[in-house]
$ cat final-v4.txt   # compact mmCIF, C-alpha atoms
# COMPACT_ATOMS: atom_id res chain seq x y z
CA MET F 24 184.04 -39.06 -37.61
CA ASN F 25 181.89 -42.19 -37.82
CA GLN F 26 178.28 -42.23 -38.96
CA SER F 27 176.68 -42.69 -35.53
CA GLU F 28 178.74 -39.84 -34.05
CA GLU F 29 177.78 -37.59 -36.97
CA ASP F 30 174.09 -38.46 -36.52
CA LEU F 31 174.36 -37.79 -32.81
CA ILE F 32 175.86 -34.34 -33.39
CA LYS F 33 173.20 -33.48 -35.97
CA SER F 34 170.50 -34.52 -33.48
CA VAL F 35 172.03 -32.33 -30.77
CA GLN F 36 172.19 -29.48 -33.28
CA ARG F 37 168.41 -29.93 -33.66
CA SER F 38 168.20 -29.54 -29.84
CA GLU F 39 167.05 -33.13 -29.25
CA GLN F 40 167.33 -33.75 -25.52
CA GLN F 41 167.86 -37.50 -25.81
CA ALA F 42 170.75 -37.03 -28.20
CA PHE F 43 172.32 -34.50 -25.82
CA ALA F 44 171.94 -36.99 -22.95
CA ALA F 45 173.66 -39.64 -25.08
CA MET F 46 176.44 -37.20 -25.96
CA VAL F 47 177.02 -36.32 -22.28
CA SER F 48 177.13 -39.97 -21.33
CA MET F 49 179.54 -40.73 -24.19
CA TYR F 50 182.04 -37.96 -23.50
CA GLN F 51 181.67 -37.08 -19.80
CA ASP F 52 184.57 -39.28 -18.62
CA MET F 53 186.90 -37.95 -21.31
CA VAL F 54 186.11 -34.33 -20.43
CA TYR F 55 186.15 -34.86 -16.66
CA ASN F 56 189.40 -36.84 -16.72
CA THR F 57 191.16 -34.16 -18.75
CA ILE F 58 189.91 -31.36 -16.55
CA ILE F 59 190.63 -33.07 -13.21
CA SER F 60 194.20 -33.74 -14.38
CA ILE F 61 194.67 -30.03 -15.11
CA VAL F 62 192.91 -28.39 -12.16
CA GLN F 63 193.71 -31.22 -9.71
CA ASN F 64 190.55 -30.75 -7.66
CA ASP F 65 187.46 -32.95 -8.05
CA ASN F 66 184.83 -30.34 -7.11
CA ASP F 67 186.26 -27.77 -9.50
CA ALA F 68 186.61 -30.42 -12.23
CA GLU F 69 182.94 -31.34 -11.81
CA ASP F 70 181.91 -27.71 -12.04
CA ILE F 71 184.00 -27.07 -15.15
CA THR F 72 182.73 -30.27 -16.79
CA GLN F 73 179.19 -28.94 -16.40
CA GLU F 74 180.28 -25.61 -17.93
CA VAL F 75 181.86 -27.43 -20.87
CA PHE F 76 178.66 -29.31 -21.70
CA VAL F 77 176.55 -26.17 -21.27
CA GLN F 78 178.82 -24.45 -23.81
CA VAL F 79 178.67 -27.50 -26.09
CA TYR F 80 174.88 -27.39 -26.02
CA GLN F 81 174.83 -23.66 -26.73
CA SER F 82 177.41 -23.65 -29.50
CA VAL F 83 177.13 -27.07 -31.13
CA ALA F 84 175.23 -25.45 -34.00
CA ARG F 85 178.51 -23.78 -34.97
CA PHE F 86 180.39 -27.09 -35.10
CA LYS F 87 180.97 -27.75 -38.80
CA GLY F 88 182.79 -31.06 -38.55
CA GLU F 89 186.11 -29.70 -39.84
CA SER F 90 187.88 -31.38 -36.93
CA LYS F 91 186.97 -34.44 -34.90
CA PHE F 92 184.22 -33.77 -32.38
CA SER F 93 186.45 -35.05 -29.56
CA THR F 94 189.15 -32.54 -30.60
CA TRP F 95 186.61 -29.74 -30.43
CA LEU F 96 185.56 -30.96 -26.98
CA TYR F 97 189.18 -31.16 -25.78
CA ARG F 98 189.70 -27.56 -26.90
CA ILE F 99 186.70 -26.33 -24.93
CA ALA F 100 187.70 -28.38 -21.88
CA ILE F 101 191.30 -27.15 -21.93
CA THR F 102 190.25 -23.51 -22.38
CA LYS F 103 187.74 -23.72 -19.52
CA ALA F 104 190.23 -25.48 -17.24
CA LEU F 105 192.93 -22.89 -17.92
CA ASP F 106 190.45 -20.02 -17.44
CA HIS F 107 189.56 -21.54 -14.10
CA GLU F 108 193.24 -21.77 -13.14
CA LYS F 109 193.73 -18.09 -13.96
CA LYS F 110 190.64 -17.11 -11.96
CA ARG F 111 191.85 -19.20 -9.02
CA LYS F 112 195.24 -17.49 -9.07
CA ARG F 113 193.56 -14.08 -9.21
CA LYS F 114 191.25 -15.08 -6.33
CA LYS F 115 194.23 -16.18 -4.27
CA ARG F 116 195.86 -12.79 -4.81
CA PHE F 117 192.74 -10.89 -3.75
CA ALA F 118 191.62 -13.34 -1.05
CA PHE F 119 192.36 -10.92 1.77
CA ILE F 120 190.46 -8.11 0.06
CA GLN F 121 187.51 -10.39 -0.60
CA GLN F 122 187.46 -11.26 3.08
CA LEU F 123 187.29 -7.55 3.93
CA PHE F 124 184.41 -7.05 1.53
CA GLY F 125 182.69 -10.29 2.53
CA GLU F 126 182.06 -11.55 -0.99
CA ASN F 127 181.73 -15.31 -0.34
CA GLY F 128 184.95 -14.42 1.31
CA GLU F 129 186.83 -17.48 2.49
CA ALA F 130 190.14 -18.20 0.80
CA ARG F 131 189.66 -21.48 -0.99
CA PHE F 132 191.43 -24.47 0.43
CA THR F 133 193.83 -25.92 -2.10
CA PRO F 134 194.95 -29.40 -1.19
CA ALA F 135 198.70 -29.78 -1.18
CA GLU F 136 198.44 -33.29 -2.52
CA PHE F 137 196.21 -34.48 -5.33
CA ASN F 138 195.30 -38.13 -5.78
CA HIS F 139 193.91 -38.93 -9.20
CA PRO F 140 191.02 -41.35 -8.65
CA GLY F 141 192.06 -43.56 -11.58
CA VAL F 142 195.59 -44.33 -10.36
CA LYS F 143 196.32 -47.85 -9.13
CA LEU F 144 196.52 -48.08 -5.35
CA GLU F 145 200.20 -49.11 -5.30
CA ASN F 146 201.12 -46.08 -7.45
CA LYS F 147 199.15 -43.44 -5.51
CA GLU F 148 202.16 -41.97 -3.70
CA ASP F 149 204.34 -41.65 -6.80
CA ALA F 150 201.46 -40.30 -8.88
CA ALA F 151 200.82 -37.60 -6.26
CA ILE F 152 204.48 -36.53 -6.56
CA LEU F 153 204.18 -36.47 -10.35
CA PHE F 154 200.99 -34.38 -10.28
CA ALA F 155 202.55 -31.93 -7.81
CA ALA F 156 205.56 -31.49 -10.12
CA LEU F 157 203.27 -31.26 -13.15
CA LYS F 158 201.43 -28.34 -11.58
CA GLN F 159 204.64 -26.30 -11.59
CA LEU F 160 205.20 -26.62 -15.35
CA PRO F 161 204.33 -23.86 -17.83
CA GLU F 162 200.76 -24.09 -19.16
CA ASN F 163 201.50 -25.48 -22.63
CA GLN F 164 203.93 -28.13 -21.41
CA ARG F 165 201.46 -29.20 -18.73
CA ILE F 166 198.61 -29.57 -21.22
CA ALA F 167 200.73 -31.47 -23.75
CA PHE F 168 202.02 -33.85 -21.07
CA THR F 169 198.54 -34.37 -19.60
CA LEU F 170 196.98 -35.16 -22.98
CA SER F 171 199.83 -37.51 -23.83
CA LYS F 172 200.36 -39.34 -20.59
CA ILE F 173 196.96 -39.16 -18.88
CA GLU F 174 194.59 -39.13 -21.85
CA GLY F 175 196.86 -41.27 -24.05
CA LEU F 176 196.53 -39.11 -27.17
CA ASP F 177 199.15 -39.30 -29.91
CA ASN F 178 201.11 -36.20 -30.94
CA GLN F 179 198.89 -35.53 -33.96
CA GLU F 180 195.76 -35.49 -31.80
CA ILE F 181 197.46 -33.30 -29.19
CA ALA F 182 198.50 -30.87 -31.93
CA ALA F 183 194.88 -30.67 -33.13
CA ALA F 184 193.52 -30.21 -29.59
CA MET F 185 196.09 -27.53 -28.76
CA ASN F 186 195.75 -25.90 -32.16
CA THR F 187 199.48 -26.13 -32.83
CA SER F 188 201.88 -28.09 -35.03
CA PHE F 189 203.08 -31.67 -34.63
CA TYR F 190 206.67 -30.46 -34.13
CA ALA F 191 205.63 -27.93 -31.50
CA VAL F 192 203.99 -30.76 -29.55
CA GLU F 193 207.14 -32.89 -29.80
CA SER F 194 209.17 -30.00 -28.45
CA LEU F 195 206.64 -29.25 -25.69
CA LEU F 196 206.67 -32.88 -24.57
CA ALA F 197 210.46 -33.05 -24.55
CA ARG F 198 210.69 -29.84 -22.53
CA ALA F 199 207.94 -31.01 -20.17
CA LYS F 200 209.80 -34.26 -19.48
CA ALA F 201 213.12 -32.48 -18.95
CA ASN F 202 211.56 -29.94 -16.58
CA LEU F 203 209.70 -32.64 -14.69
CA LYS F 204 212.92 -34.59 -14.31
CA LYS F 205 214.69 -31.52 -12.88
CA LYS F 206 211.89 -30.90 -10.41
CA LEU F 207 211.79 -34.55 -9.38
CA ILE F 208 215.57 -34.64 -8.83
CA ASN F 209 215.25 -31.56 -6.59
CA TYR F 210 212.39 -33.17 -4.74
CA LEU F 211 214.29 -36.44 -4.21
CA GLN F 212 217.40 -34.60 -2.99
CA TYR F 213 215.38 -32.54 -0.51
CA SER F 214 213.44 -35.52 0.77
CA ALA F 215 216.73 -37.45 1.19
CA LYS F 216 218.15 -34.52 3.21
CA ASP F 217 214.99 -34.36 5.31
CA SER F 218 215.09 -38.05 6.10
CA SER F 219 218.81 -37.89 7.04
CA HIS F 220 218.03 -34.92 9.37
CA GLU F 221 215.25 -36.92 11.00
CA LYS F 222 217.60 -39.87 11.56
CA GLY F 223 220.29 -37.56 12.97
CA MET O 11 227.20 -42.59 -8.60
CA LYS O 12 224.96 -45.16 -6.99
CA LYS O 13 222.83 -42.35 -5.60
CA ASP O 14 222.33 -40.96 -9.13
CA GLU O 15 221.30 -44.39 -10.39
CA ASN O 16 218.82 -44.69 -7.52
CA ASN O 17 217.40 -41.28 -8.34
CA GLU O 18 217.06 -42.23 -12.03
CA MET O 19 215.18 -45.37 -11.03
CA ARG O 20 212.90 -43.45 -8.66
CA ILE O 21 212.17 -40.88 -11.38
CA GLY O 22 211.36 -43.70 -13.78
CA ASP O 23 208.96 -45.15 -11.21
CA ILE O 24 207.30 -41.77 -10.67
CA PHE O 25 206.90 -41.24 -14.44
CA ASN O 26 205.43 -44.73 -14.84
CA SER O 27 203.03 -44.34 -11.90
CA VAL O 28 200.32 -43.02 -14.23
CA ASN O 29 200.67 -45.89 -16.69
CA GLY O 30 197.49 -47.90 -16.93
CA LEU O 31 195.58 -45.10 -15.28
CA GLN O 32 191.80 -45.41 -15.52
CA ARG O 33 189.74 -42.42 -16.51
CA ALA O 34 188.25 -40.54 -13.57
CA THR O 35 184.47 -40.40 -13.64
CA PRO O 36 182.26 -37.57 -12.41
CA ARG O 37 179.63 -38.08 -9.72
CA PRO O 38 176.31 -39.57 -10.87
CA TYR O 39 173.51 -37.41 -12.29
CA LEU O 40 175.87 -35.07 -14.15
CA LEU O 41 173.25 -34.64 -16.88
CA THR O 42 170.64 -33.48 -14.34
CA ARG O 43 173.03 -30.82 -13.06
CA ILE O 44 173.90 -29.73 -16.60
CA ASN O 45 170.20 -29.43 -17.46
CA ALA O 46 169.63 -27.41 -14.29
CA ARG O 47 172.35 -25.01 -15.43
CA LEU O 48 170.88 -24.79 -18.90
CA ASN O 49 167.43 -23.98 -17.50
CA ASN O 50 168.71 -21.24 -15.19
CA PRO O 51 167.77 -17.85 -16.62
CA ILE O 52 170.73 -15.91 -17.94
CA LYS O 53 171.58 -12.72 -16.02
CA ASN O 54 170.59 -9.54 -17.83
CA ILE O 55 173.05 -6.76 -18.60
CA TRP O 56 172.15 -4.70 -15.46
CA GLU O 57 172.69 -7.67 -13.16
CA ASN O 58 176.02 -8.35 -14.84
CA MET O 59 176.99 -4.71 -14.47
CA ALA O 60 175.99 -4.68 -10.77
CA THR O 61 178.06 -7.82 -10.20
CA PHE O 62 181.01 -6.22 -11.99
CA ILE O 63 180.78 -2.96 -10.07
CA SER O 64 180.54 -4.73 -6.70
CA ARG O 65 183.75 -6.66 -7.35
CA PRO O 66 186.38 -5.68 -4.76
CA SER O 67 189.01 -4.99 -7.40
CA VAL O 68 186.67 -2.58 -9.20
CA VAL O 69 185.68 -0.88 -5.92
CA ILE O 70 189.33 -0.41 -4.92
CA ALA O 71 190.29 0.84 -8.38
CA GLY O 72 187.40 3.33 -8.18
CA ILE O 73 188.50 4.60 -4.76
CA CYS O 74 192.11 4.93 -5.96
CA LEU O 75 190.99 6.88 -9.04
CA PHE O 76 188.83 9.17 -6.89
CA LEU O 77 191.74 9.88 -4.52
CA LEU O 78 194.15 10.40 -7.42
CA VAL O 79 191.86 12.93 -9.09
CA ASN O 80 191.37 14.80 -5.79
CA ILE O 81 195.08 14.88 -5.00
CA SER O 82 196.00 16.05 -8.49
CA VAL O 83 193.37 18.83 -8.32
CA LEU O 84 194.77 19.96 -4.94
CA VAL O 85 198.34 19.95 -6.21
CA TYR O 86 197.33 21.85 -9.33
CA LYS O 87 195.38 24.42 -7.31
CA ASN O 88 198.29 24.97 -4.91
CA SER O 89 200.70 25.60 -7.73
CA THR O 90 198.40 28.08 -9.53
CA SER O 91 196.52 29.79 -6.67
CA THR O 92 199.22 32.50 -6.02
CA ILE O 93 200.26 35.13 -8.57
CA PRO O 94 202.23 33.77 -11.54
CA ALA O 95 206.03 33.83 -11.22
CA ALA O 96 206.69 36.76 -13.62
CA GLU O 97 203.98 38.86 -12.04
CA ARG O 98 205.25 37.92 -8.58
CA SER O 99 208.76 39.38 -9.30
CA TYR O 100 207.24 42.67 -10.50
CA THR O 101 205.21 42.91 -7.31
CA THR O 102 208.29 42.30 -5.18
CA ILE O 103 210.24 45.07 -6.98
CA ALA O 104 207.34 47.46 -6.56
CA ASP O 105 207.07 46.64 -2.85
CA GLU O 106 210.79 47.20 -2.38
CA TYR O 107 210.55 50.52 -4.25
CA ASP O 108 207.72 51.57 -1.92
CA ASP O 109 209.79 50.59 1.14
CA TYR O 110 212.72 52.67 -0.18
CA ASN O 111 210.42 55.70 -0.65
CA ASN O 112 209.03 55.30 2.84
CA LEU O 113 212.53 55.15 4.32
CA ALA O 114 213.57 58.20 2.31
CA THR O 115 210.53 60.11 3.62
CA ILE O 116 211.36 59.17 7.23
CA ASP O 117 214.97 60.33 6.67
CA ASN O 118 213.70 63.66 5.31
CA ILE O 119 211.42 64.21 8.32
CA GLU O 120 214.26 63.41 10.71
CA ASN O 121 216.66 65.76 8.86
CA GLN O 122 214.11 68.58 8.93
CA GLN O 123 213.74 68.11 12.68

$ encode --input "final-v4.txt" --output "structure tokens"
Amino acid sequence: MNQSEEDLIKSVQRSEQQAFAAMVSMYQDMVYNTIISIVQNDNDAEDITQEVFVQVYQSVARFKGESKFSTWLYRIAITKALDHEKKRKRKKRFAFIQQLFGENGEARFTPAEFNHPGVKLENKEDAAILFAALKQLPENQRIAFTLSKIEGLDNQEIAAAMNTSFYAVESLLARAKANLKKKLINYLQYSAKDSSHEKG
Amino acid sequence: MKKDENNEMRIGDIFNSVNGLQRATPRPYLLTRINARLNNPIKNIWENMATFISRPSVVIAGICLFLLVNISVLVYKNSTSTIPAAERSYTTIADEYDDYNNLATIDNIENQQ
């Protein structure tokens, strides 16, 4: 941790509003980008990003500097994003009951295709396929792949953010790539069949 | 063979589509919205409890529990409301004995006539 970052954290720990504003401005893209890649919905990502910084403000006093501040932030962001995913799945299951009871009842619309705003225009279509396949991976593999490929972290940083070992991350990434490949092969075979049916 | 090679190439393209990706940025005024959240009063324990109780899953679980308790009480009552099995067999024997006596008495009356 460099000196200015350490000073900033100490200032936030003293509840200085300006320091908190600087911290939000410094880390908001990192947090938002990680979360949007996991939940694949911009409104939800925005909401969770706010929750992350609220938690940071409330619990920064407990941050002792044993890990990098960004690692600590990644951990909070990942936990919040995964909690949100679980809640969303639960909501989906009980959507019909919620409608009966009228508790903000509408089943939430989940877009079939997600376009990450940072992807180059010419890659949008392929990236949407990749994100759709990514969503079907087990939680740990998805997080490891997202942190590696989208956030560009190295395996050591991913291990720290996921609170696991370097070797576990290597294995998670290898399995994530293999599973993605399988899913993409299936997808390509189906889309080839579909297009041949359309021609016929 | 050629199809497999094509697929491999396509998969490579799909994997590389996120290379050089720029970080997504949230909408402007994120800090204002965070501050608004921070300044919102935290719900007290009763409000939290009311929210919890009014959740559909909790309501349904409550109804199910209520029905289950009622049904089990009914079943239990039905099985124990009549005389216990051992006592019941004694009563049956006694009744049969009484019937036999009655028949014997009728026979006696008829014979006397």

$ closest_residue --input "final-v4.txt" --among "F:Leu105, F:Met185, F:Leu195, F:Ala45" --to "chain O" --atoms "only C-alpha atoms"
F:Ala45

$ closest_atom_pairs --input "final-v4.txt" --of "chain O" --to "chain F" --cutoff "8 Å" --atoms "only C-alpha atoms" --output "tab-separated table"
residue	atom	partner	partner_atom	distance
O:Asn17	CA	F:Ile208	CA	6.9
O:Ile21	CA	F:Leu207	CA	6.6
O:Asp23	CA	F:Asp149	CA	7.3
O:Ile24	CA	F:Asp149	CA	4.9
O:Phe25	CA	F:Leu153	CA	6.8
O:Ser27	CA	F:Asn146	CA	5.1
O:Val28	CA	F:Ala150	CA	6.1
O:Asn29	CA	F:Lys172	CA	7.6
O:Gly30	CA	F:Val142	CA	7.7
O:Leu31	CA	F:Val142	CA	5.0
O:Gln32	CA	F:Gly141	CA	4.4
O:Arg33	CA	F:Gly141	CA	5.6
O:Ala34	CA	F:Asn56	CA	5.0
O:Thr35	CA	F:Asp52	CA	5.1
O:Pro36	CA	F:Glu69	CA	6.3
O:Arg37	CA	F:Glu69	CA	7.8
O:Leu40	CA	F:Gln73	CA	7.3
O:Leu41	CA	F:Ala44	CA	6.6
O:Arg43	CA	F:Gln73	CA	7.3
O:Ile44	CA	F:Gln73	CA	5.4
O:Arg47	CA	F:Val77	CA	7.3
O:Leu48	CA	F:Val77	CA	6.3
O:Pro66	CA	F:Gln121	CA	6.4
O:Ser67	CA	F:Phe117	CA	7.9

$ write_last_selection --input "final-v4.txt" --atoms "C-alpha atoms" --output "PDB file, in the frame of the given file"
ATOM      1  CA  ASN O  17     217.400 -41.280  -8.340  1.00  0.00           C
ATOM      2  CA  ILE O  21     212.170 -40.880 -11.380  1.00  0.00           C
ATOM      3  CA  ASP O  23     208.960 -45.150 -11.210  1.00  0.00           C
ATOM      4  CA  ILE O  24     207.300 -41.770 -10.670  1.00  0.00           C
ATOM      5  CA  PHE O  25     206.900 -41.240 -14.440  1.00  0.00           C
ATOM      6  CA  SER O  27     203.030 -44.340 -11.900  1.00  0.00           C
ATOM      7  CA  VAL O  28     200.320 -43.020 -14.230  1.00  0.00           C
ATOM      8  CA  ASN O  29     200.670 -45.890 -16.690  1.00  0.00           C
ATOM      9  CA  GLY O  30     197.490 -47.900 -16.930  1.00  0.00           C
ATOM     10  CA  LEU O  31     195.580 -45.100 -15.280  1.00  0.00           C
ATOM     11  CA  GLN O  32     191.800 -45.410 -15.520  1.00  0.00           C
ATOM     12  CA  ARG O  33     189.740 -42.420 -16.510  1.00  0.00           C
ATOM     13  CA  ALA O  34     188.250 -40.540 -13.570  1.00  0.00           C
ATOM     14  CA  THR O  35     184.470 -40.400 -13.640  1.00  0.00           C
ATOM     15  CA  PRO O  36     182.260 -37.570 -12.410  1.00  0.00           C
ATOM     16  CA  ARG O  37     179.630 -38.080  -9.720  1.00  0.00           C
ATOM     17  CA  LEU O  40     175.870 -35.070 -14.150  1.00  0.00           C
ATOM     18  CA  LEU O  41     173.250 -34.640 -16.880  1.00  0.00           C
ATOM     19  CA  ARG O  43     173.030 -30.820 -13.060  1.00  0.00           C
ATOM     20  CA  ILE O  44     173.900 -29.730 -16.600  1.00  0.00           C
ATOM     21  CA  ARG O  47     172.350 -25.010 -15.430  1.00  0.00           C
ATOM     22  CA  LEU O  48     170.880 -24.790 -18.900  1.00  0.00           C
ATOM     23  CA  PRO O  66     186.380  -5.680  -4.760  1.00  0.00           C
ATOM     24  CA  SER O  67     189.010  -4.990  -7.400  1.00  0.00           C
TER      25      SER O  67
END

$ axis_aligned_box --input "final-v4.txt" --around "segment 66-82 of chain O" --padding-each-side "8 Å" --output "lines of an AutoDock Vina configuration file"
center_x = 190.8
center_y = 5.2
center_z = -6.9
size_x = 26.3
size_y = 37.7
size_z = 20.7

$ atom_distance --input "final-v4.txt" --atom1 "atom CA of Ala201 of chain F" --atom2 "atom CA of Leu160 of chain F"
10.5 Å

$ atom_distance --input "final-v4.txt" --atom1 "atom CA of Leu170 of chain F" --atom2 "atom CA of Glu15 of chain O"
28.9 Å

$ atom_distance --input "final-v4.txt" --atom1 "atom CA of Ala104 of chain F" --atom2 "atom CA of Ile166 of chain F"
10.1 Å
